[in-house]
Amino acid sequence: MTIASSMPERAADPTGAAVVPKMLRRQRIAEAFVAWSLAGPALVLLVTMFFLPVFAVFAIALTDWQFGATTLSFIGMANFREVLADEGFRASFANTIFYVVIVVPGTIVLGLAIALLIESGKSCRAFYRAIHFLPFMATLTAMAIAWEALLHPTIGLVNQTLAGLGLPTANWLRDENTVLPVLAIIGIWQNLGYAMVLFLAGLKSIPQDLYDAADIDGADLWFDRLRTVTLPMLGPVTMFVFIVVALKAFETFDTVQVLTQGGPGHASEMLLYTLYRESFEYLRTGYGASVAVVFLFIVVALTLIQARVMDKKVHYQ
Amino acid sequence: MSTSATHGLGSPAAITRHAILLITGALILIPFVWMVSLSIKPPGEIFHASFSFWPKQFYGIENYTKALTEAPLPRYMLNGVFVCTMIVAAQVLVCAPAAYALAKLEFPGKNLLFAMVLIALILPHEVLSLPLFILGYQIGVLNTYAALVFPYVVSPFGIFLFRQFFKTIPDDVIHAARLDGLSELAIVWRIMVPMALPAIIAFGIFSVVGHWNSLFWPLIAVRDQNLMPPPLGIMAFKNEEAGNDYGPLMAASTIVVAPLIIAFLSAQRWFVEGLTGGAVK
């Protein structure tokens, strides 16, 4: 709606400015002026805080500039070649993929299972939902410190329990074979409540008629209804959760920074940590910007897939 | 799934449901429980490993006193409250008028502006951190409160969310307001924002949770301990003083986590809406 739309002429005359009466035209200009003055601050800030920085990242990635240096020269793709050839970056990339490949299915399967269990009964729904959602909003930096205590090689609850059961213990965060899976478990712990809540919303939107129809078709068992109605209807939500959790997993930083600093060696280094360390600790600005560009491509690709999935989701509504 | 098998507390299916959910719930809560448990134990009991939650000798007062006095923890908390308040206030101030223009006005460039909002929505903030750091350096705000706030004064998600909500408000309301002689800006603040209060609150929660918990940008933007928000502060506390002094460290962690947990438990619906509402839309 518009200020001018209270005038009936406007709707009847979509052909353009040339035939619009003078008064109406002035009104349109006035409306445009008001609109731009309302949106102006947001526009200026969007450009300064988002668009110029994105261009700057690309530009910096093509130079040998280091923060604080007064000179710089254009070096083309040299930073990217260096990044891709760098063992540290390769390890970081491989670790991130490994981490995402554990966290995403783990979060989806557990989140879905818990959502199905909660939804399958009437009692204590809010209580169970609250408990499982808690880690998602608890400050991860602080909770990482709690996890460190749990995983402590001698006094941690995990090793105590394992030793009590006669099972082998480990120095979880200092052993290159265990550190990444442990971080992944923390990632699942943190995100599964989020997946659960999204699945609960998805379950609520499945019409009861479909279950009634399945009953008539002879899907008497809980498992039959799950297979024939629930899971197919959750398809779009699942795809959506998949992307959102993948994005969160790719953006893992806090646990690496607090618990491992990428170590031991490069065993737990992940993309965002590499980006931070190269840019702000080693001040390798061009290199850091190249890592940022690689990271940006991954995130944008995932988001575009999500946008396509959300378009398809319409079929089910 | 309302069949006879799942009805009633006594049925085997219902018992299984409760059993499994109580077990997974307990597993989820272990880090919280262990954190609180260590925060009330004396060093001797912490290092003399035991499974009991409750200490033989209650040491909570000592640990919490140490956490609150050895590190400027109250200062960190106040910094967090101040920074989050400033960010949310700025975001609502900037986003609501823009969202109103996008939802209810016609103007050239409207589609372009909305496209810019959608593109900004995709960009992960960490990617922008390097140029934003340089920008902060150029305008001389690094290592001040302004450094913690300025990258977030506009929220593409806020504009998007408010626009969706404003669109559902009937045009007649706005016509009436115009006939009453309200300016467009007055319509935003006296009509649209009050009517969109649920969306504003949901967004506020989303924003506060995100910024209270965020470590990445504060780590880059401030060095001065007096400016640190809670996550950065507690990391500094861990690295400098507390190291292996688990009692006070766990007490500090508990204090940092507590406000959001308490707020969440007392307003669950709002939090779930705020933290997932945007995702579902």
# chains A, B, ... in the order shown; residues from 1 in each chain; ligands from 1
call {"tool": "interface_residues", "arguments": {"of": "chain A", "to": "chain B", "cutoff": "6 Å", "atoms": "only C-alpha atoms", "output": "PDB file with C-alpha atoms, in the first residue's frame"}}
result
ATOM      1  CA  MET A   1       0.000   0.000   0.000  1.00  0.00           C
ATOM      2  CA  THR A   2       1.033   3.532  -0.516  1.00  0.00           C
ATOM      3  CA  ALA A  32       9.577   8.267  -2.022  1.00  0.00           C
ATOM      4  CA  ALA A  35      10.562   6.233   2.456  1.00  0.00           C
ATOM      5  CA  LEU A  38      13.188   6.237   6.884  1.00  0.00           C
ATOM      6  CA  ALA A  39      15.340   3.604   5.193  1.00  0.00           C
ATOM      7  CA  ALA A  42      19.753   1.357   7.412  1.00  0.00           C
ATOM      8  CA  MET A  49      29.028  -2.775   7.597  1.00  0.00           C
ATOM      9  CA  PRO A  53      33.686  -5.044   3.860  1.00  0.00           C
ATOM     10  CA  ILE A 131      16.068 -29.666  29.065  1.00  0.00           C
ATOM     11  CA  ALA A 138      24.004 -21.501  27.224  1.00  0.00           C
ATOM     12  CA  THR A 139      27.189 -19.455  26.732  1.00  0.00           C
ATOM     13  CA  THR A 141      32.667 -20.348  26.111  1.00  0.00           C
ATOM     14  CA  ALA A 142      31.637 -21.064  29.709  1.00  0.00           C
ATOM     15  CA  ALA A 146      32.822 -27.161  32.019  1.00  0.00           C
ATOM     16  CA  ILE A 155      40.031 -35.910  37.655  1.00  0.00           C
ATOM     17  CA  ALA A 292      37.731 -15.645   4.553  1.00  0.00           C
TER      18      ALA A 292
END
call {"tool": "residues_around", "arguments": {"residues": "Phe67 of chain A", "least_positions_apart": "2", "cutoff": "8 Å", "atoms": "only C-alpha atoms", "output": "PyMOL selection string"}}
result
chain A and resi 65+69+283-285
call {"tool": "write_last_selection", "arguments": {"atoms": "C-alpha atoms", "output": "PDB file, in the first residue's frame"}}
result
ATOM      1  CA  TRP A  65      49.179  -6.181   2.298  1.00  0.00           C
ATOM      2  CA  ALA A  69      52.140  -1.807   6.383  1.00  0.00           C
ATOM      3  CA  LEU A 283      48.665 -10.525  11.140  1.00  0.00           C
ATOM      4  CA  ARG A 284      48.985 -12.267   7.774  1.00  0.00           C
ATOM      5  CA  THR A 285      46.265 -10.075   6.412  1.00  0.00           C
TER       6      THR A 285
END
call {"tool": "closest_residue", "arguments": {"among": "B:Gly44, B:Leu179, B:Asp224, B:Lys56", "to": "Leu142 of chain B", "atoms": "only C-alpha atoms"}}
result
B:Asp224
call {"tool": "residues_around", "arguments": {"residues": "Thr65 of chain B", "least_positions_apart": "6", "cutoff": "12 Å", "atoms": "only C-alpha atoms", "output": "list of chain:residue names"}}
result
B:Ser39, B:Ile40, B:Tyr59, B:Ala71, B:Pro72, B:Leu73, B:Pro74, B:Gly247, B:Pro248, B:Leu249, B:Ala251, B:Ala252, B:Ile255
call {"tool": "select_by_dssp", "arguments": {"residues": "segment 58-266 of chain B", "states": "alpha helix (DSSP H)", "output": "ChimeraX atom specification"}}
result
/B:60-70,73-104,110-122,129-138,145-149,156-167,171-179,184-187,193-195,197-213,216-221,230-237,246-266
call {"tool": "residues_around", "arguments": {"residues": "Trp270 of chain B", "least_positions_apart": "3", "cutoff": "8 Å", "atoms": "only C-alpha atoms", "output": "ChimeraX atom specification"}}
result
/B:201-202,205,267,273-274
call {"tool": "write_last_selection", "arguments": {"atoms": "N, CA and C atoms", "output": "compact mmCIF listing (two decimals), in the first residue's frame"}}
result
# COMPACT_ATOMS: atom_id res chain seq x y z
N ILE B 201 10.09 -8.33 20.56
CA ILE B 201 10.62 -9.07 21.71
C ILE B 201 11.38 -10.31 21.24
N ALA B 202 10.77 -11.05 20.29
CA ALA B 202 11.45 -12.25 19.78
C ALA B 202 12.81 -11.87 19.19
N ILE B 205 15.32 -11.04 21.99
CA ILE B 205 15.89 -12.23 22.62
C ILE B 205 16.95 -12.85 21.73
N ALA B 267 10.76 -17.89 30.56
CA ALA B 267 10.03 -17.43 29.37
C ALA B 267 10.35 -18.33 28.19
N GLU B 273 10.70 -19.21 20.35
CA GLU B 273 10.23 -18.40 19.23
C GLU B 273 11.35 -17.50 18.70
N GLY B 274 12.04 -16.83 19.63
CA GLY B 274 13.07 -15.87 19.23
C GLY B 274 14.25 -16.54 18.55
call {"tool": "closest_residue", "arguments": {"among": "A:Ser205, A:Thr178, A:Thr274, A:Gln66", "to": "Glu87 of chain A", "atoms": "only C-alpha atoms"}}
result
A:Thr274
call {"tool": "residues_around", "arguments": {"residues": "segment 301-304 of chain A", "least_positions_apart": "3", "cutoff": "9 Å", "atoms": "only C-alpha atoms", "output": "PyMOL selection string"}}
result
(chain A and resi 243-244+246-247+296-298+307-309) or (chain B and resi 122)
call {"tool": "write_last_selection", "arguments": {"atoms": "C-alpha atoms", "output": "PDB file, in the first residue's frame"}}
result
ATOM      1  CA  ILE A 243      21.605 -26.846   6.022  1.00  0.00           C
ATOM      2  CA  VAL A 244      21.163 -24.752   9.161  1.00  0.00           C
ATOM      3  CA  ALA A 246      25.793 -27.524   8.596  1.00  0.00           C
ATOM      4  CA  LEU A 247      26.185 -23.725   8.623  1.00  0.00           C
ATOM      5  CA  LEU A 296      32.422 -17.233   2.319  1.00  0.00           C
ATOM      6  CA  PHE A 297      32.052 -19.430  -0.764  1.00  0.00           C
ATOM      7  CA  ILE A 298      31.186 -22.462   1.359  1.00  0.00           C
ATOM      8  CA  ALA A 307      16.923 -21.182  -0.613  1.00  0.00           C
ATOM      9  CA  ARG A 308      16.142 -23.730  -3.335  1.00  0.00           C
ATOM     10  CA  VAL A 309      14.975 -26.242  -0.764  1.00  0.00           C
TER      11      VAL A 309
ATOM     12  CA  ILE B 122      23.547 -14.527   3.957  1.00  0.00           C
TER      13      ILE B 122
END
call {"tool": "atom_distance", "arguments": {"atom1": "atom CA of Val294 of chain A", "atom2": "atom CA of Asn143 of chain B"}}
result
28.4 Å
call {"tool": "closest_residue", "arguments": {"among": "A:Val197, A:Ala91, A:Val229, A:Ala213", "to": "Thr107 of chain A", "atoms": "only C-alpha atoms"}}
result
A:Val197
call {"tool": "atom_distance", "arguments": {"atom1": "atom CA of Gly193 of chain A", "atom2": "atom CA of Ala267 of chain A"}}
result
27.4 Å
call {"tool": "residues_around", "arguments": {"residues": "Tyr273 of chain A", "least_positions_apart": "3", "cutoff": "10 Å", "atoms": "only C-alpha atoms", "output": "list in words"}}
result
Ser92, Glu251, Thr252, Phe253, Asp254, Thr255, Val256, Gln257, Gln261, Gly262, Ser268, Glu269, Met270, Tyr276, Arg277, Glu278 and Ser279 of chain A; Phe216 of chain B
call {"tool": "atom_distance", "arguments": {"atom1": "atom CA of Ala146 of chain B", "atom2": "atom CA of Val81 of chain B"}}
result
14.1 Å
call {"tool": "residues_around", "arguments": {"residues": "Asp175 of chain A", "least_positions_apart": "5", "cutoff": "10 Å", "atoms": "only C-alpha atoms", "output": "PyMOL selection string"}}
result
chain A and resi 170+180+263-265+267-268
call {"tool": "write_last_selection", "arguments": {"atoms": "C-alpha atoms", "output": "short mmCIF file (atom, residue, chain, number, x, y, z; two decimals), in the first residue's frame"}}
result
data_model
loop_
_atom_site.label_atom_id
_atom_site.label_comp_id
_atom_site.auth_asym_id
_atom_site.auth_seq_id
_atom_site.Cartn_x
_atom_site.Cartn_y
_atom_site.Cartn_z
CA ALA A 170 42.32 -41.14 27.17
CA LEU A 180 38.13 -33.87 16.80
CA GLY A 263 46.09 -28.54 18.69
CA PRO A 264 47.68 -30.93 19.20
CA GLY A 265 49.59 -30.03 16.03
CA ALA A 267 44.60 -31.96 14.72
CA SER A 268 41.67 -29.75 15.75
#
call {"tool": "closest_residue", "arguments": {"among": "A:Pro236, A:Pro168, A:Gly156, A:Gly286", "to": "Ala59 of chain A", "atoms": "only C-alpha atoms"}}
result
A:Gly286
call {"tool": "closest_residue", "arguments": {"among": "A:Leu200, A:Ile305, A:Leu46, A:Val293", "to": "Ile60 of chain A", "atoms": "only C-alpha atoms"}}
result
A:Val293
